[in-house]
Amino acid sequence: MTPANLADTVLSAARAVFETRGLDVAALPTTTSVERPRNPEHGDYASTLALQVGKKVGVAPRELATALAEELGRRDGIKAVEIAGPGFLNIRLDDASTGVIARTVVAAGSAYGRSTQLEGQRINLEFVSANPTGPIHLGHTRWAAVGDALRRVLTAAGAEVTSEYYINDAGAQVERFARSLYASANGLPTPEDGYGGDYIGEIAQRIVAAEPDLVGQPEETALPVFDARGYELMLTEIRESLERFGVHFDVWFSEKTLHGGGAVEHAIEELRKQGHIFEDGGAVWLRTTDFTDDKDRVLIRSNGEKTYFAADAAYYINKRERGFDRCVYLLGADHHGYIGRLKAIAACAGDDPKQNIEILIGQLVNLVRAGQPVRLSKRAGNIITLDELVEAVGVDAARYSLARSSTDSALTLDIEEITKNSSDNPVFYVQYAHARVSSLLRNAAEKGIVRADDYDPALLSHDREKNLLKTLGEFPAVVATAAELREPHRIAVYLEERVATDYHRFYDACQVLPKGEEQVTDLTHARLWLVEATRTVIANGLDLLGVSAPERM
RNA sequence: GCGCUCGUAGCUCAGCGGAUAGAGCAACGGACUUCUAAUCCGUCGGUCGCAGGUUCGAAUCCUGCCGGGCGCGCCA
């Protein structure tokens with residue numbers, strides 16, 4: 001019996017109790033859940049249903065719990081129900097009803113954990129969107145890891161997700177980038193407001209190698225070439241870095257195409273229809289203060305130039321016109337000031353800012369070296385790039401350490417720690433569990449032991465077997481919660497603190513394969529089902545994080 | 001100044017209103033002739049920033065304060 005099955009059983013028992021007592025069934029929630037108590041004395045699962053609804057219907061929670069316990073105790077698979085504290089229901093299951101979880105997991109295979117809870121939702125998920133004027137650095141890398149994991153989690157929950165990268169290629173910064181390349185190619189000092197990293201020199205060299213005539217040419221003729229070639233090379237580098245990191249974007253969206261294609265004008269028309277456009281001082285404004293912004297925003301400056309904000313508005317409207325009903329933005333904490341204006345764009349466009357647009361703010365990554373803070377600055381030349389991080393620790397460790405903690409907390413990475421001591425990375429704890437499983441299954445195959453078509457679930461009665469089974473049973477709820485809250489780190493926490501831990505403990509206490517002259521028993525087969533179920537959950541979970549599940553380590 | 005956000009063990013972090021707040025690292029002590037010891041078991045370690053409030057119940061929700069981070073352009 002999975003937790004979801006049990007929760008349904010609790011609810012149906014509650015309905016039965018309500019009916020016999022003449023209570024208002026409408027007071028019951030439409031769904032409920034059971035939790036796993038920390039303390040094993042509190043049973044396999046606990047329900048707080050009596051606490052939640054007791055007062056609503058004017059029955060003391062403990063009294064309601066007593067009636068509920070009696071009814072629930074008659075249901076199949078339930079061994080005992082106790083009442084504790086103010087009205088907790090502590091439920092114990094028959095060994096067999098826990099044991100069947102392995103069958104459920106194995107039967108579902110790679111689909112175990114998937115659901116249809118977000119079915120029908122078309123989600124546009126935008127993340128990273130780093131300017132094409134430099135390599136992807138550590139700050140962006142966190143969003144790459146988290147964003148891509150979120151893409152996988154949302155997809156697993158049934159949503160139709162498009163991952164998207166917005167290329168800010170229309171503004172002054174690409175021009176500065178071109179001038180920096182030009183200066184480098186001609187041996188001139190970096191412009192005052194230019195970019196000075198080593199990569200500028202490298203890209204300039206590559207451009208010049210292809211077109212040596214560029215050197216010495218005046219800015220008028222050379223700059224457009226450096227602009228076009230530099231942009232192309234930089235974007236290619238960014239794309240390749242991300243692909244090597246296992247992060248794939250379905251759409252690379254150029255800001256320039258918004259300006260050139262009349263999208264801004266179209267957006268202004270749409271916003272004007274909704275009545276939120278006005279003109280003042282020769283500029284065109286959007287009255288975002290009608291909604292959730294602290295000041296109105298200029299769309300077209302008095303000199304006729306479109307602002308960055310105008311592109312933001314056009315981009316949002318473009319996304320909606322492409323059929324996305326939820327536009328999700330993953331932004332760093334340094335952009336939190338955008339929440340109000342972005343939400344206001346949606347509202348001004350006549351949309352529901354609570355439904356159609358969602359802005360997820362993540363805290364930044366702090367770097368320390370041997371405990372000393374390191375300030376990342378392009379000028380100081382100590383930018384850590386995605387490529388360097390991967391070089392130091394590998395894709396799996398990098399992705400895992402960036403995706404395993406909540407984006408609400410500012411992550412602190414010690415450069416020395418992650419480069420020197422990468423074997424401390426918790427990802428290996430999880431991967432090792434998978435490698436151990438794989439190794440065991442290999443050994444079974446070598447011994448000619450084939451997992452039987454079925455097994456006796458009641459044989460999986462060891463405490464560590466039951467803990468592992470119950471943990472495996474939680475996976476769908478973990479995925480569902482991660483999707484609903486947009487918190488992919490929950491997958492990592494679950495794999496690490498629950499699945500891998502429970503498997504290692506099980507492995508430590510329970511021999512699976514026969515030793516020496518021992519015979520294959522029914523227990524061998526039951527345990528092989530459990531092992532296979534564990535393999536499935538770890539592999540599925542790691543896949544949601546974009547981390548590999550190695551068969552050997 | 002206004003706004004957003006964070007504050008949990010020495011360090012890095014979990015904990016979507018539930019019972020005695022957890023894990024890893026660090027420190028100390030145990031467990032390998034047999035399915036991978038990258039593991040397991042144990043000890044040590046806490047005013048959940050502070051103070052109120054809501055609740056049967058608060059690390060979790062609300063208010064105020066303290067401390068850190070960030071943001072407040074007809075910039076991009």
# chains A, B, ... in the order shown; residues from 1 in each chain; ligands from 1
$ select_by_dssp --residues "stretch 317-457 of chain A" --states "strand (DSSP E)" --output "list of chain:residue names"
A:Arg326, A:Cys327, A:Val328, A:Tyr329, A:Leu330, A:Leu331, A:Gly332, A:Ile357, A:Glu358, A:Ile359, A:Leu360, A:Ile361, A:Gly362, A:Val365, A:Asn366, A:Leu367, A:Val368, A:Arg369, A:Gln372, A:Pro373, A:Val374, A:Leu411, A:Thr412, A:Leu413, A:Asp414
$ interface_residues --of "chain A" --to "chain B" --cutoff "6 Å" --atoms "only C-alpha atoms (C1' of nucleotides)" --output "VMD selection string"
chain A and resid 301 334 337 436 440 508 513
$ residues_around --residues "A:Ile101" --least-positions-apart "3" --cutoff "10 Å" --atoms "only C-alpha atoms (C1' of nucleotides)" --output "PDB file with all heavy atoms, in the first residue's frame"
ATOM      1  N   MET A   1       0.842  -1.195   0.000  1.00  0.00           N
ATOM      2  CA  MET A   1       0.000   0.000   0.000  1.00  0.00           C
ATOM      3  C   MET A   1       0.882   1.252   0.000  1.00  0.00           C
ATOM      4  O   MET A   1       1.708   1.453   0.869  1.00  0.00           O
ATOM      5  CB  MET A   1      -0.903  -0.018   1.246  1.00  0.00           C
ATOM      6  CG  MET A   1      -1.785   1.170   1.306  1.00  0.00           C
ATOM      7  SD  MET A   1      -3.195   1.119   2.426  1.00  0.00           S
ATOM      8  CE  MET A   1      -3.272  -0.467   3.140  1.00  0.00           C
ATOM      9  N   THR A   2       0.693   2.085  -0.995  1.00  0.00           N
ATOM     10  CA  THR A   2       1.478   3.316  -1.061  1.00  0.00           C
ATOM     11  C   THR A   2       0.853   4.356  -0.133  1.00  0.00           C
ATOM     12  O   THR A   2      -0.311   4.222   0.274  1.00  0.00           O
ATOM     13  CB  THR A   2       1.470   3.882  -2.490  1.00  0.00           C
ATOM     14  OG1 THR A   2       0.138   4.278  -2.816  1.00  0.00           O
ATOM     15  CG2 THR A   2       1.948   2.844  -3.500  1.00  0.00           C
ATOM     16  N   PRO A   3       1.619   5.383   0.210  1.00  0.00           N
ATOM     17  CA  PRO A   3       1.061   6.441   1.070  1.00  0.00           C
ATOM     18  C   PRO A   3      -0.209   7.039   0.465  1.00  0.00           C
ATOM     19  O   PRO A   3      -1.145   7.373   1.191  1.00  0.00           O
ATOM     20  CB  PRO A   3       2.181   7.477   1.130  1.00  0.00           C
ATOM     21  CG  PRO A   3       3.432   6.755   0.774  1.00  0.00           C
ATOM     22  CD  PRO A   3       3.039   5.609  -0.109  1.00  0.00           C
ATOM     23  N   ALA A  96       2.973  -7.291   4.551  1.00  0.00           N
ATOM     24  CA  ALA A  96       2.733  -7.500   3.127  1.00  0.00           C
ATOM     25  C   ALA A  96       2.275  -6.228   2.430  1.00  0.00           C
ATOM     26  O   ALA A  96       2.637  -5.977   1.280  1.00  0.00           O
ATOM     27  CB  ALA A  96       1.704  -8.616   2.924  1.00  0.00           C
ATOM     28  N   SER A  97       1.509  -5.393   3.113  1.00  0.00           N
ATOM     29  CA  SER A  97       1.012  -4.220   2.409  1.00  0.00           C
ATOM     30  C   SER A  97       2.119  -3.189   2.213  1.00  0.00           C
ATOM     31  O   SER A  97       2.033  -2.359   1.300  1.00  0.00           O
ATOM     32  CB  SER A  97      -0.228  -3.623   3.081  1.00  0.00           C
ATOM     33  OG  SER A  97      -0.066  -3.493   4.446  1.00  0.00           O
ATOM     34  N   THR A  98       3.168  -3.231   3.045  1.00  0.00           N
ATOM     35  CA  THR A  98       4.337  -2.411   2.765  1.00  0.00           C
ATOM     36  C   THR A  98       5.162  -3.071   1.662  1.00  0.00           C
ATOM     37  O   THR A  98       5.670  -2.409   0.761  1.00  0.00           O
ATOM     38  CB  THR A  98       5.216  -2.247   4.028  1.00  0.00           C
ATOM     39  OG1 THR A  98       4.408  -1.742   5.074  1.00  0.00           O
ATOM     40  CG2 THR A  98       6.357  -1.281   3.774  1.00  0.00           C
ATOM     41  N   THR A 104       4.985  -2.247  -7.148  1.00  0.00           N
ATOM     42  CA  THR A 104       4.465  -1.023  -7.763  1.00  0.00           C
ATOM     43  C   THR A 104       5.578  -0.259  -8.480  1.00  0.00           C
ATOM     44  O   THR A 104       5.420   0.199  -9.607  1.00  0.00           O
ATOM     45  CB  THR A 104       3.870  -0.104  -6.669  1.00  0.00           C
ATOM     46  OG1 THR A 104       2.927  -0.853  -5.911  1.00  0.00           O
ATOM     47  CG2 THR A 104       3.221   1.117  -7.265  1.00  0.00           C
ATOM     48  N   VAL A 105       6.714  -0.136  -7.787  1.00  0.00           N
ATOM     49  CA  VAL A 105       7.823   0.644  -8.339  1.00  0.00           C
ATOM     50  C   VAL A 105       8.383  -0.029  -9.594  1.00  0.00           C
ATOM     51  O   VAL A 105       8.552   0.605 -10.638  1.00  0.00           O
ATOM     52  CB  VAL A 105       8.951   0.806  -7.302  1.00  0.00           C
ATOM     53  CG1 VAL A 105      10.145   1.535  -7.922  1.00  0.00           C
ATOM     54  CG2 VAL A 105       8.453   1.550  -6.068  1.00  0.00           C
ATOM     55  N   VAL A 106       8.648  -1.320  -9.490  1.00  0.00           N
ATOM     56  CA  VAL A 106       9.258  -2.033 -10.618  1.00  0.00           C
ATOM     57  C   VAL A 106       8.315  -2.051 -11.815  1.00  0.00           C
ATOM     58  O   VAL A 106       8.739  -1.884 -12.963  1.00  0.00           O
ATOM     59  CB  VAL A 106       9.657  -3.464 -10.193  1.00  0.00           C
ATOM     60  CG1 VAL A 106      10.156  -4.252 -11.402  1.00  0.00           C
ATOM     61  CG2 VAL A 106      10.733  -3.413  -9.107  1.00  0.00           C
ATOM     62  N   ALA A 107       7.038  -2.199 -11.531  1.00  0.00           N
ATOM     63  CA  ALA A 107       6.067  -2.232 -12.626  1.00  0.00           C
ATOM     64  C   ALA A 107       6.058  -0.909 -13.385  1.00  0.00           C
ATOM     65  O   ALA A 107       5.953  -0.880 -14.602  1.00  0.00           O
ATOM     66  CB  ALA A 107       4.676  -2.542 -12.080  1.00  0.00           C
ATOM     67  N   PRO A 457       5.408 -10.489  -0.702  1.00  0.00           N
ATOM     68  CA  PRO A 457       5.713  -9.200  -0.072  1.00  0.00           C
ATOM     69  C   PRO A 457       5.837  -9.278   1.450  1.00  0.00           C
ATOM     70  O   PRO A 457       6.499  -8.432   2.051  1.00  0.00           O
ATOM     71  CB  PRO A 457       4.552  -8.306  -0.499  1.00  0.00           C
ATOM     72  CG  PRO A 457       3.482  -9.224  -0.947  1.00  0.00           C
ATOM     73  CD  PRO A 457       4.128 -10.457  -1.432  1.00  0.00           C
ATOM     74  N   LYS A 466      11.575  -2.461   5.535  1.00  0.00           N
ATOM     75  CA  LYS A 466      10.330  -1.693   5.570  1.00  0.00           C
ATOM     76  C   LYS A 466      10.594  -0.189   5.449  1.00  0.00           C
ATOM     77  O   LYS A 466       9.848   0.522   4.772  1.00  0.00           O
ATOM     78  CB  LYS A 466       9.538  -2.024   6.837  1.00  0.00           C
ATOM     79  CG  LYS A 466       8.955  -3.434   6.772  1.00  0.00           C
ATOM     80  CD  LYS A 466       7.797  -3.627   7.717  1.00  0.00           C
ATOM     81  CE  LYS A 466       8.284  -3.832   9.148  1.00  0.00           C
ATOM     82  NZ  LYS A 466       7.164  -4.189  10.036  1.00  0.00           N
ATOM     83  N   LEU A 468      13.084   1.163   3.881  1.00  0.00           N
ATOM     84  CA  LEU A 468      13.432   1.413   2.481  1.00  0.00           C
ATOM     85  C   LEU A 468      12.172   1.412   1.606  1.00  0.00           C
ATOM     86  O   LEU A 468      11.986   2.291   0.765  1.00  0.00           O
ATOM     87  CB  LEU A 468      14.434   0.361   2.005  1.00  0.00           C
ATOM     88  CG  LEU A 468      14.892   0.439   0.544  1.00  0.00           C
ATOM     89  CD1 LEU A 468      15.461   1.819   0.201  1.00  0.00           C
ATOM     90  CD2 LEU A 468      15.950  -0.642   0.268  1.00  0.00           C
ATOM     91  N   LEU A 469      11.311   0.433   1.831  1.00  0.00           N
ATOM     92  CA  LEU A 469      10.067   0.348   1.063  1.00  0.00           C
ATOM     93  C   LEU A 469       9.224   1.604   1.234  1.00  0.00           C
ATOM     94  O   LEU A 469       8.714   2.168   0.259  1.00  0.00           O
ATOM     95  CB  LEU A 469       9.263  -0.876   1.503  1.00  0.00           C
ATOM     96  CG  LEU A 469       9.777  -2.227   1.010  1.00  0.00           C
ATOM     97  CD1 LEU A 469       9.251  -3.355   1.883  1.00  0.00           C
ATOM     98  CD2 LEU A 469       9.384  -2.444  -0.450  1.00  0.00           C
ATOM     99  N   LYS A 470       9.086   2.023   2.465  1.00  0.00           N
ATOM    100  CA  LYS A 470       8.264   3.204   2.720  1.00  0.00           C
ATOM    101  C   LYS A 470       8.876   4.434   2.050  1.00  0.00           C
ATOM    102  O   LYS A 470       8.161   5.297   1.523  1.00  0.00           O
ATOM    103  CB  LYS A 470       8.095   3.428   4.226  1.00  0.00           C
ATOM    104  CG  LYS A 470       7.089   2.469   4.846  1.00  0.00           C
ATOM    105  CD  LYS A 470       6.849   2.761   6.313  1.00  0.00           C
ATOM    106  CE  LYS A 470       7.925   2.121   7.174  1.00  0.00           C
ATOM    107  NZ  LYS A 470       7.659   2.330   8.630  1.00  0.00           N
ATOM    108  N   THR A 471      10.209   4.497   2.085  1.00  0.00           N
ATOM    109  CA  THR A 471      10.889   5.617   1.432  1.00  0.00           C
ATOM    110  C   THR A 471      10.655   5.589  -0.070  1.00  0.00           C
ATOM    111  O   THR A 471      10.348   6.614  -0.684  1.00  0.00           O
ATOM    112  CB  THR A 471      12.399   5.566   1.750  1.00  0.00           C
ATOM    113  OG1 THR A 471      12.571   5.889   3.125  1.00  0.00           O
ATOM    114  CG2 THR A 471      13.175   6.566   0.911  1.00  0.00           C
ATOM    115  N   LEU A 472      10.772   4.421  -0.672  1.00  0.00           N
ATOM    116  CA  LEU A 472      10.539   4.321  -2.116  1.00  0.00           C
ATOM    117  C   LEU A 472       9.108   4.747  -2.454  1.00  0.00           C
ATOM    118  O   LEU A 472       8.860   5.353  -3.495  1.00  0.00           O
ATOM    119  CB  LEU A 472      10.791   2.892  -2.602  1.00  0.00           C
ATOM    120  CG  LEU A 472      12.219   2.352  -2.409  1.00  0.00           C
ATOM    121  CD1 LEU A 472      12.317   0.926  -2.936  1.00  0.00           C
ATOM    122  CD2 LEU A 472      13.255   3.237  -3.076  1.00  0.00           C
ATOM    123  N   GLY A 473       8.197   4.428  -1.550  1.00  0.00           N
ATOM    124  CA  GLY A 473       6.796   4.781  -1.778  1.00  0.00           C
ATOM    125  C   GLY A 473       6.540   6.274  -1.766  1.00  0.00           C
ATOM    126  O   GLY A 473       5.520   6.738  -2.265  1.00  0.00           O
ATOM    127  N   TRP A 529      13.594  -7.986  -5.753  1.00  0.00           N
ATOM    128  CA  TRP A 529      12.561  -7.022  -6.166  1.00  0.00           C
ATOM    129  C   TRP A 529      12.802  -5.673  -5.490  1.00  0.00           C
ATOM    130  O   TRP A 529      12.704  -4.629  -6.111  1.00  0.00           O
ATOM    131  CB  TRP A 529      11.164  -7.543  -5.822  1.00  0.00           C
ATOM    132  CG  TRP A 529      10.597  -8.451  -6.867  1.00  0.00           C
ATOM    133  CD1 TRP A 529      10.875  -9.783  -7.029  1.00  0.00           C
ATOM    134  CD2 TRP A 529       9.689  -8.102  -7.914  1.00  0.00           C
ATOM    135  NE1 TRP A 529      10.180 -10.287  -8.101  1.00  0.00           N
ATOM    136  CE2 TRP A 529       9.441  -9.280  -8.670  1.00  0.00           C
ATOM    137  CE3 TRP A 529       9.046  -6.921  -8.284  1.00  0.00           C
ATOM    138  CZ2 TRP A 529       8.591  -9.300  -9.780  1.00  0.00           C
ATOM    139  CZ3 TRP A 529       8.189  -6.946  -9.380  1.00  0.00           C
ATOM    140  CH2 TRP A 529       7.972  -8.123 -10.112  1.00  0.00           C
ATOM    141  N   LEU A 530      13.131  -5.736  -4.223  1.00  0.00           N
ATOM    142  CA  LEU A 530      13.380  -4.491  -3.479  1.00  0.00           C
ATOM    143  C   LEU A 530      14.598  -3.761  -4.040  1.00  0.00           C
ATOM    144  O   LEU A 530      14.592  -2.535  -4.191  1.00  0.00           O
ATOM    145  CB  LEU A 530      13.575  -4.809  -1.989  1.00  0.00           C
ATOM    146  CG  LEU A 530      13.905  -3.633  -1.076  1.00  0.00           C
ATOM    147  CD1 LEU A 530      12.874  -2.512  -1.198  1.00  0.00           C
ATOM    148  CD2 LEU A 530      14.005  -4.103   0.377  1.00  0.00           C
ATOM    149  N   ALA A 533      13.727  -2.191  -7.283  1.00  0.00           N
ATOM    150  CA  ALA A 533      12.889  -1.010  -7.038  1.00  0.00           C
ATOM    151  C   ALA A 533      13.762   0.171  -6.616  1.00  0.00           C
ATOM    152  O   ALA A 533      13.540   1.311  -7.040  1.00  0.00           O
ATOM    153  CB  ALA A 533      11.841  -1.314  -5.971  1.00  0.00           C
TER     154      ALA A 533
END
$ atom_distance --atom1 "atom CA of A:Gln52" --atom2 "atom CA of A:Arg490"
25.8 Å
